[in-house]
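**Q** Data: my_file_32.cif, mmCIF, C-alpha atoms.
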data_my_file
loop_
_atom_site.group_PDB
_atom_site.id
_atom_site.type_symbol
_atom_site.label_atom_id
_atom_site.label_comp_id
_atom_site.auth_asym_id
_atom_site.auth_seq_id
_atom_site.Cartn_x
_atom_site.Cartn_y
_atom_site.Cartn_z
ATOM 1 C CA MET A 1 3.623 40.318 -254.089
ATOM 2 C CA LYS A 2 4.336 37.004 -255.765
ATOM 3 C CA ASP A 3 7.402 36.606 -257.977
ATOM 4 C CA THR A 4 6.242 37.249 -261.540
ATOM 5 C CA VAL A 5 7.518 36.100 -264.913
ATOM 6 C CA TYR A 6 6.566 38.255 -267.890
ATOM 7 C CA VAL A 7 6.495 36.367 -271.177
ATOM 8 C CA PHE A 8 7.248 38.831 -273.966
ATOM 9 C CA ALA A 9 4.960 37.939 -276.852
ATOM 10 C CA ARG A 10 3.840 39.398 -280.113
ATOM 11 C CA ALA A 11 0.303 38.557 -281.188
ATOM 12 C CA PRO A 12 0.644 35.482 -283.421
ATOM 13 C CA ARG A 13 -0.406 36.917 -286.774
ATOM 14 C CA LEU A 14 0.895 36.139 -290.241
ATOM 15 C CA GLY A 15 3.683 38.463 -291.320
ATOM 16 C CA THR A 16 4.253 40.022 -287.893
ATOM 17 C CA VAL A 17 6.240 37.355 -286.042
ATOM 18 C CA LYS A 18 9.722 35.865 -286.516
ATOM 19 C CA ARG A 19 10.487 38.028 -289.549
ATOM 20 C CA ARG A 20 14.106 36.889 -289.895
ATOM 21 C CA LEU A 21 12.990 33.262 -289.755
ATOM 22 C CA ALA A 22 10.116 33.994 -292.155
ATOM 23 C CA ALA A 23 12.542 35.435 -294.711
ATOM 24 C CA GLU A 24 14.284 32.045 -294.796
ATOM 25 C CA ILE A 25 11.483 29.488 -294.377
ATOM 26 C CA GLY A 26 8.365 31.446 -295.317
ATOM 27 C CA ALA A 27 5.852 33.429 -293.298
ATOM 28 C CA VAL A 28 3.407 30.539 -292.779
ATOM 29 C CA ALA A 29 6.088 28.156 -291.457
ATOM 30 C CA ALA A 30 7.492 30.903 -289.195
ATOM 31 C CA LEU A 31 3.999 31.604 -287.828
ATOM 32 C CA GLN A 32 3.431 27.885 -287.167
ATOM 33 C CA PHE A 33 6.730 27.651 -285.302
ATOM 34 C CA TYR A 34 5.962 30.770 -283.265
ATOM 35 C CA ARG A 35 2.424 29.686 -282.354
ATOM 36 C CA ALA A 36 3.614 26.257 -281.240
ATOM 37 C CA THR A 37 6.535 27.615 -279.212
ATOM 38 C CA LEU A 38 4.454 30.352 -277.574
ATOM 39 C CA ALA A 39 1.686 27.888 -276.638
ATOM 40 C CA LYS A 40 4.205 25.431 -275.203
ATOM 41 C CA THR A 41 5.951 28.177 -273.209
ATOM 42 C CA LEU A 42 2.704 29.529 -271.752
ATOM 43 C CA ARG A 43 1.449 26.020 -270.913
ATOM 44 C CA ARG A 44 4.686 25.131 -269.125
ATOM 45 C CA LEU A 45 4.826 28.331 -267.104
ATOM 46 C CA GLN A 46 1.189 28.828 -266.185
ATOM 47 C CA THR A 47 0.940 25.487 -264.402
ATOM 48 C CA ASP A 48 3.827 26.271 -262.052
ATOM 49 C CA ARG A 49 2.608 27.727 -258.755
ATOM 50 C CA ARG A 50 6.027 28.960 -257.578
ATOM 51 C CA PHE A 51 5.525 32.188 -259.543
ATOM 52 C CA ALA A 52 2.826 34.150 -261.344
ATOM 53 C CA THR A 53 2.834 34.217 -265.146
ATOM 54 C CA VAL A 54 1.805 37.332 -267.069
ATOM 55 C CA VAL A 55 1.994 37.894 -270.825
ATOM 56 C CA ALA A 56 3.543 41.206 -271.898
ATOM 57 C CA ILE A 57 1.917 41.711 -275.265
ATOM 58 C CA THR A 58 2.294 43.776 -278.380
ATOM 59 C CA PRO A 59 0.204 45.240 -279.963
ATOM 60 C CA ASP A 60 -0.795 46.520 -276.564
ATOM 61 C CA ARG A 61 -4.571 46.082 -276.755
ATOM 62 C CA LEU A 62 -4.775 42.829 -278.676
ATOM 63 C CA ARG A 63 -6.246 39.847 -276.838
ATOM 64 C CA GLY A 64 -7.299 36.380 -277.912
ATOM 65 C CA PRO A 65 -7.468 32.698 -277.041
ATOM 66 C CA TRP A 66 -3.697 32.401 -277.560
ATOM 67 C CA LEU A 67 -3.276 34.039 -274.128
ATOM 68 C CA ARG A 68 -4.605 30.800 -272.580
ATOM 69 C CA GLY A 69 -6.540 32.778 -269.948
ATOM 70 C CA LEU A 70 -3.391 34.383 -268.526
ATOM 71 C CA PRO A 71 -3.356 38.017 -267.445
ATOM 72 C CA ALA A 72 -1.785 40.374 -269.964
ATOM 73 C CA VAL A 73 -0.083 43.749 -269.733
ATOM 74 C CA PRO A 74 0.954 45.995 -272.611
ATOM 75 C CA GLN A 75 4.619 46.185 -273.527
ATOM 76 C CA GLY A 76 4.168 49.847 -274.450
ATOM 77 C CA GLY A 77 6.388 51.878 -276.710
ATOM 78 C CA GLY A 78 10.132 52.174 -276.996
ATOM 79 C CA ASP A 79 12.933 49.793 -277.818
ATOM 80 C CA LEU A 80 13.148 46.294 -276.379
ATOM 81 C CA GLY A 81 15.231 47.465 -273.412
ATOM 82 C CA LEU A 82 12.718 50.104 -272.373
ATOM 83 C CA ARG A 83 9.831 47.643 -272.697
ATOM 84 C CA MET A 84 11.701 45.026 -270.622
ATOM 85 C CA GLN A 85 12.621 47.558 -267.948
ATOM 86 C CA ARG A 86 8.989 48.660 -267.726
ATOM 87 C CA ALA A 87 7.855 45.040 -267.210
ATOM 88 C CA LEU A 88 10.514 44.339 -264.573
ATOM 89 C CA ALA A 89 9.492 47.491 -262.690
ATOM 90 C CA ARG A 90 6.008 46.051 -262.126
ATOM 91 C CA SER A 91 7.238 43.618 -259.453
ATOM 92 C CA ARG A 92 9.805 43.669 -256.648
ATOM 93 C CA ARG A 93 11.362 40.481 -258.057
ATOM 94 C CA ALA A 94 10.574 39.798 -261.682
ATOM 95 C CA VAL A 95 11.823 37.874 -264.683
ATOM 96 C CA VAL A 96 11.194 38.468 -268.379
ATOM 97 C CA VAL A 97 11.520 35.689 -270.943
ATOM 98 C CA GLY A 98 11.155 35.508 -274.677
ATOM 99 C CA SER A 99 8.576 33.459 -276.502
ATOM 100 C CA ASP A 100 10.933 31.846 -279.044
ATOM 101 C CA ILE A 101 12.906 29.494 -276.798
ATOM 102 C CA PRO A 102 11.560 25.979 -277.392
ATOM 103 C CA ASP A 103 13.548 24.370 -274.558
ATOM 104 C CA LEU A 104 12.583 26.886 -271.851
ATOM 105 C CA GLN A 105 11.191 25.102 -268.798
ATOM 106 C CA ALA A 106 9.390 26.328 -265.694
ATOM 107 C CA ALA A 107 12.418 25.045 -263.758
ATOM 108 C CA ASP A 108 14.601 27.670 -265.506
ATOM 109 C CA VAL A 109 12.326 30.452 -264.275
ATOM 110 C CA ALA A 110 12.078 28.972 -260.771
ATOM 111 C CA ARG A 111 15.875 28.722 -260.617
ATOM 112 C CA ALA A 112 16.178 32.372 -261.659
ATOM 113 C CA PHE A 113 13.913 33.389 -258.768
ATOM 114 C CA ARG A 114 15.952 31.275 -256.339
ATOM 115 C CA LEU A 115 19.131 32.956 -257.551
ATOM 116 C CA LEU A 116 17.506 36.387 -257.152
ATOM 117 C CA ARG A 117 17.227 35.768 -253.413
ATOM 118 C CA ARG A 118 20.994 36.386 -253.246
ATOM 119 C CA ALA A 119 21.780 38.130 -256.543
ATOM 120 C CA ASP A 120 20.648 41.506 -257.836
ATOM 121 C CA ALA A 121 20.123 40.223 -261.370
ATOM 122 C CA CYS A 122 19.915 36.959 -263.239
ATOM 123 C CA PHE A 123 20.336 36.140 -266.918
ATOM 124 C CA GLY A 124 19.738 33.133 -269.113
ATOM 125 C CA PRO A 125 22.397 33.320 -271.831
ATOM 126 C CA ALA A 126 21.506 32.354 -275.369
ATOM 127 C CA GLU A 127 24.015 30.525 -277.532
ATOM 128 C CA ASP A 128 24.243 33.475 -279.932
ATOM 129 C CA GLY A 129 25.561 35.977 -277.346
ATOM 130 C CA GLY A 130 22.184 37.350 -276.352
ATOM 131 C CA TYR A 131 19.893 36.140 -273.605
ATOM 132 C CA TYR A 132 16.453 34.597 -273.315
ATOM 133 C CA LEU A 133 15.845 35.490 -269.646
ATOM 134 C CA ALA A 134 16.526 38.604 -267.604
ATOM 135 C CA GLY A 135 15.587 38.966 -263.970
ATOM 136 C CA ALA A 136 15.996 41.678 -261.393
ATOM 137 C CA GLY A 137 15.546 42.029 -257.667
ATOM 138 C CA PRO A 138 14.876 45.268 -255.803
ATOM 139 C CA ARG A 139 18.441 46.593 -256.247
ATOM 140 C CA ARG A 140 18.858 47.395 -259.934
ATOM 141 C CA PRO A 141 20.458 49.987 -262.186
ATOM 142 C CA ARG A 142 18.369 52.945 -263.221
ATOM 143 C CA HIS A 143 18.947 52.112 -266.900
ATOM 144 C CA MET A 144 19.244 48.333 -267.039
ATOM 145 C CA PHE A 145 19.281 48.025 -270.811
ATOM 146 C CA ALA A 146 20.951 51.241 -272.012
ATOM 147 C CA ALA A 147 23.251 51.108 -275.033
ATOM 148 C CA VAL A 148 22.558 47.432 -275.788
ATOM 149 C CA ARG A 149 23.187 46.211 -279.322
ATOM 150 C CA TRP A 150 20.134 43.992 -279.688
ATOM 151 C CA SER A 151 19.842 40.956 -281.987
ATOM 152 C CA GLY A 152 23.540 40.314 -282.090
ATOM 153 C CA PRO A 153 26.421 38.644 -280.315
ATOM 154 C CA HIS A 154 27.015 41.590 -277.946
ATOM 155 C CA ALA A 155 23.586 41.889 -276.269
ATOM 156 C CA LEU A 156 24.495 40.066 -273.047
ATOM 157 C CA ALA A 157 27.923 41.702 -272.696
ATOM 158 C CA ASP A 158 26.419 45.153 -273.304
ATOM 159 C CA THR A 159 23.721 44.531 -270.702
ATOM 160 C CA LEU A 160 26.170 43.227 -268.103
ATOM 161 C CA ARG A 161 28.076 46.525 -268.313
ATOM 162 C CA ASN A 162 24.950 48.223 -266.965
ATOM 163 C CA PHE A 163 25.029 45.890 -263.944
ATOM 164 C CA ALA A 164 28.664 46.587 -263.003
ATOM 165 C CA GLY A 165 29.123 46.425 -259.231
ATOM 166 C CA LEU A 166 25.982 44.354 -258.661
ATOM 167 C CA ARG A 167 25.695 40.630 -257.994
ATOM 168 C CA VAL A 168 24.733 38.813 -261.201
ATOM 169 C CA ALA A 169 23.834 35.124 -261.507
ATOM 170 C CA PHE A 170 23.145 32.895 -264.495
ATOM 171 C CA VAL A 171 20.807 30.043 -265.351
ATOM 172 C CA ARG A 172 21.620 27.539 -268.078
ATOM 173 C CA THR A 173 22.419 28.529 -271.649
ATOM 174 C CA LEU A 174 19.729 27.796 -274.230
ATOM 175 C CA ARG A 175 19.210 28.314 -277.951
ATOM 176 C CA ASP A 176 16.751 30.890 -279.165
ATOM 177 C CA VAL A 177 15.462 30.550 -282.690
ATOM 178 C CA ASP A 178 16.125 33.591 -284.831
ATOM 179 C CA GLY A 179 16.838 32.007 -288.218
ATOM 180 C CA ALA A 180 16.614 28.771 -290.174
ATOM 181 C CA ALA A 181 20.041 27.587 -288.983
ATOM 182 C CA ASP A 182 18.858 27.886 -285.352
ATOM 183 C CA LEU A 183 15.719 25.928 -286.184
ATOM 184 C CA ARG A 184 17.695 23.159 -287.899
ATOM 185 C CA ALA A 185 20.168 22.938 -284.994
ATOM 186 C CA MET A 186 17.347 22.749 -282.463
ATOM 187 C CA ARG A 187 15.539 20.019 -284.388
ATOM 188 C CA SER A 188 18.780 18.083 -284.842
ATOM 189 C CA ALA A 189 19.555 18.280 -281.104
ATOM 190 C CA ASN A 190 16.026 17.140 -280.239
ATOM 191 C CA THR A 191 16.290 14.195 -282.640
ATOM 192 C CA LYS A 192 19.615 13.100 -281.100
ATOM 193 C CA SER A 193 18.250 13.310 -277.555
ATOM 194 C CA ARG A 194 15.384 10.905 -278.268
#
Go ahead and express the file in the form of C-alpha cells.
**A**
Amino acid sequence: MKDTVYVFARAPRLGTVKRRLAAEIGAVAALQFYRATLAKTLRRLQTDRRFATVVAITPDRLRGPWLRGLPAVPQGGGDLGLRMQRALARSRRAVVVGSDIPDLQAADVARAFRLLRRADACFGPAEDGGYYLAGAGPRRPRHMFAAVRWSGPHALADTLRNFAGLRVAFVRTLRDVDGAADLRAMRSANTKSR
C-alpha cells in the first residue's frame, strides 16, 4: 500500500473552525483564513505522487467541493489523539497533518516518509510546543497519544513519552496558527521573506 498522508480537516463552515482565532479576529476572517489555508494545503499535497493524500474529515459524513476531489475518511469520535491514532492505523506507514499550517509543503511530508524508512515515528514540531505532523511506521506504541495535554506547550513532550524506546525523527519546525498573534507573526515573516 502506498504511503498515505491524512489531512485532518473540519468542514469549512462559519462558526465551526478556528474558534480561538475567531474570538480575536472575528468568525468571518477566521473562516477565510481557514478556507485559504486548507485549499492551499490540499492543492500542494494532492499533486505530489510520492504519497497518497486523504482528507480525514469532521463532521464524518460531510462532503463538498472543498475536498478538491480527494478521497475522504471520517475522523470518528473521541479526542484528537484517538482520532489521529485511528487514521494512522489505516496504513502501514502513514502521516497525519493539520490544516492550519500555511507553510506546510509536500516536501515536508515526503521527508517524513523518508525518515520513516529508518525511524518508528516522525514529528513536525510547531513553534508553540505542539506539532503539525505525526507519522508512524509499522512499529508503534499501542496508545500513541495517551495522556497528551493538547493545545498547549506540552503536547509534543507528552506524546514523545509514549514513544520511549522507539526511534523518533523530526522534520522542520513550523508555525501553526491558533490565535491572532500567530497570524500576525506569520504574515510578518512572509512579508520579510519577499
**Q** Stretch 88-103 of chain A, all listed atoms, 4 Å padding on each side: what axis-aligned box centre and edge lengths in Å to one decimal come out, as lines of an AutoDock Vina configuration file?
**A**
center_x = 9.8
center_y = 35.9
center_z = -267.8
size_x = 15.5
size_y = 31.1
size_z = 30.4
**Q** Go through A:Asp120, A:Asp108, A:Leu38, A:Tyr131 one by one, measure the shortest atom-to-atom distance of each to A:Trp150 using all atoms listed in the file, and give the residue with the smallest value.
**A** A:Tyr131
**Q** Just how far from atom CA of A:Phe145 is atom CA of A:Leu82, in Å to one decimal?
**A**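 We find that atom CA of A:Leu82 and atom CA of A:Phe145 lie 7.1 Å from each other.
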**Q** Under the rule that all atoms listed in the file are counted, which of A:Pro153, A:Gly77, A:Gly137, A:Gly130 is the nearest residue to A:Ala112?
**A**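 For A:Ala112, the nearest of the candidates is A:Gly137.
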**Q** At a cut-off of 9 Å, using all atoms listed in the file, what residues contact A:Val55? Leave out same-chain residues fewer than 4 positions from it and give the result as a PDB file with C-alpha atoms, keeping the file's coordinate frame.
**A**
ATOM      1  CA  VAL A   5       7.518  36.100-264.913  1.00  0.00           C
ATOM      2  CA  TYR A   6       6.566  38.255-267.890  1.00  0.00           C
ATOM      3  CA  VAL A   7       6.495  36.367-271.177  1.00  0.00           C
ATOM      4  CA  PHE A   8       7.248  38.831-273.966  1.00  0.00           C
ATOM      5  CA  ALA A   9       4.960  37.939-276.852  1.00  0.00           C
ATOM      6  CA  LEU A  42       2.704  29.529-271.752  1.00  0.00           C
ATOM      7  CA  LEU A  67      -3.276  34.039-274.128  1.00  0.00           C
ATOM      8  CA  LEU A  70      -3.391  34.383-268.526  1.00  0.00           C
ATOM      9  CA  PRO A  71      -3.356  38.017-267.445  1.00  0.00           C
ATOM     10  CA  ALA A  72      -1.785  40.374-269.964  1.00  0.00           C
ATOM     11  CA  VAL A  73      -0.083  43.749-269.733  1.00  0.00           C
ATOM     12  CA  PRO A  74       0.954  45.995-272.611  1.00  0.00           C
TER      13      PRO A  74
END
**Q** Please indicate the distance in Å from atom CA of A:Phe123 to atom CA of A:Ala147, rounded to one decimal place.
**A**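 Between these atoms lies a distance of 17.3 Å.
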**Q** Rank nothing, just name the residue among A:Phe51, A:Leu183, A:Met144, A:Ala23 nearest to A:Arg114, using only C-alpha atoms.
**A**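 For A:Arg114, the nearest of the candidates is A:Phe51.
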**Q** So what do you get for atom CA of A:Arg19 versus atom CA of A:Ala185, distance-wise?
**A**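 Distance between the two atoms: 18.5 Å.
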**Q** What's around A:Arg149 at 9 Å? Count all atoms listed in the file, leave out sequence neighbours fewer than 6 positions away in its own chain, and write the answer as a PDB file with C-alpha atoms, in the frame of the given file.
**A**
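Result file follows (part27.pdb):
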ATOM      1  CA  ALA A 155      23.586  41.889-276.269  1.00  0.00           C
ATOM      2  CA  LEU A 156      24.495  40.066-273.047  1.00  0.00           C
ATOM      3  CA  ASP A 158      26.419  45.153-273.304  1.00  0.00           C
ATOM      4  CA  THR A 159      23.721  44.531-270.702  1.00  0.00           C
TER       5      THR A 159
END
**Q** Pick out the residues sitting within 12 Å of A:Ala36, and hand them over as a PyMOL selection string; count all atoms listed in the file, and ignore anything fewer than 4 positions along from it in its own chain.
**A** chain A and resi 12+29-32+40-43+66+99-102
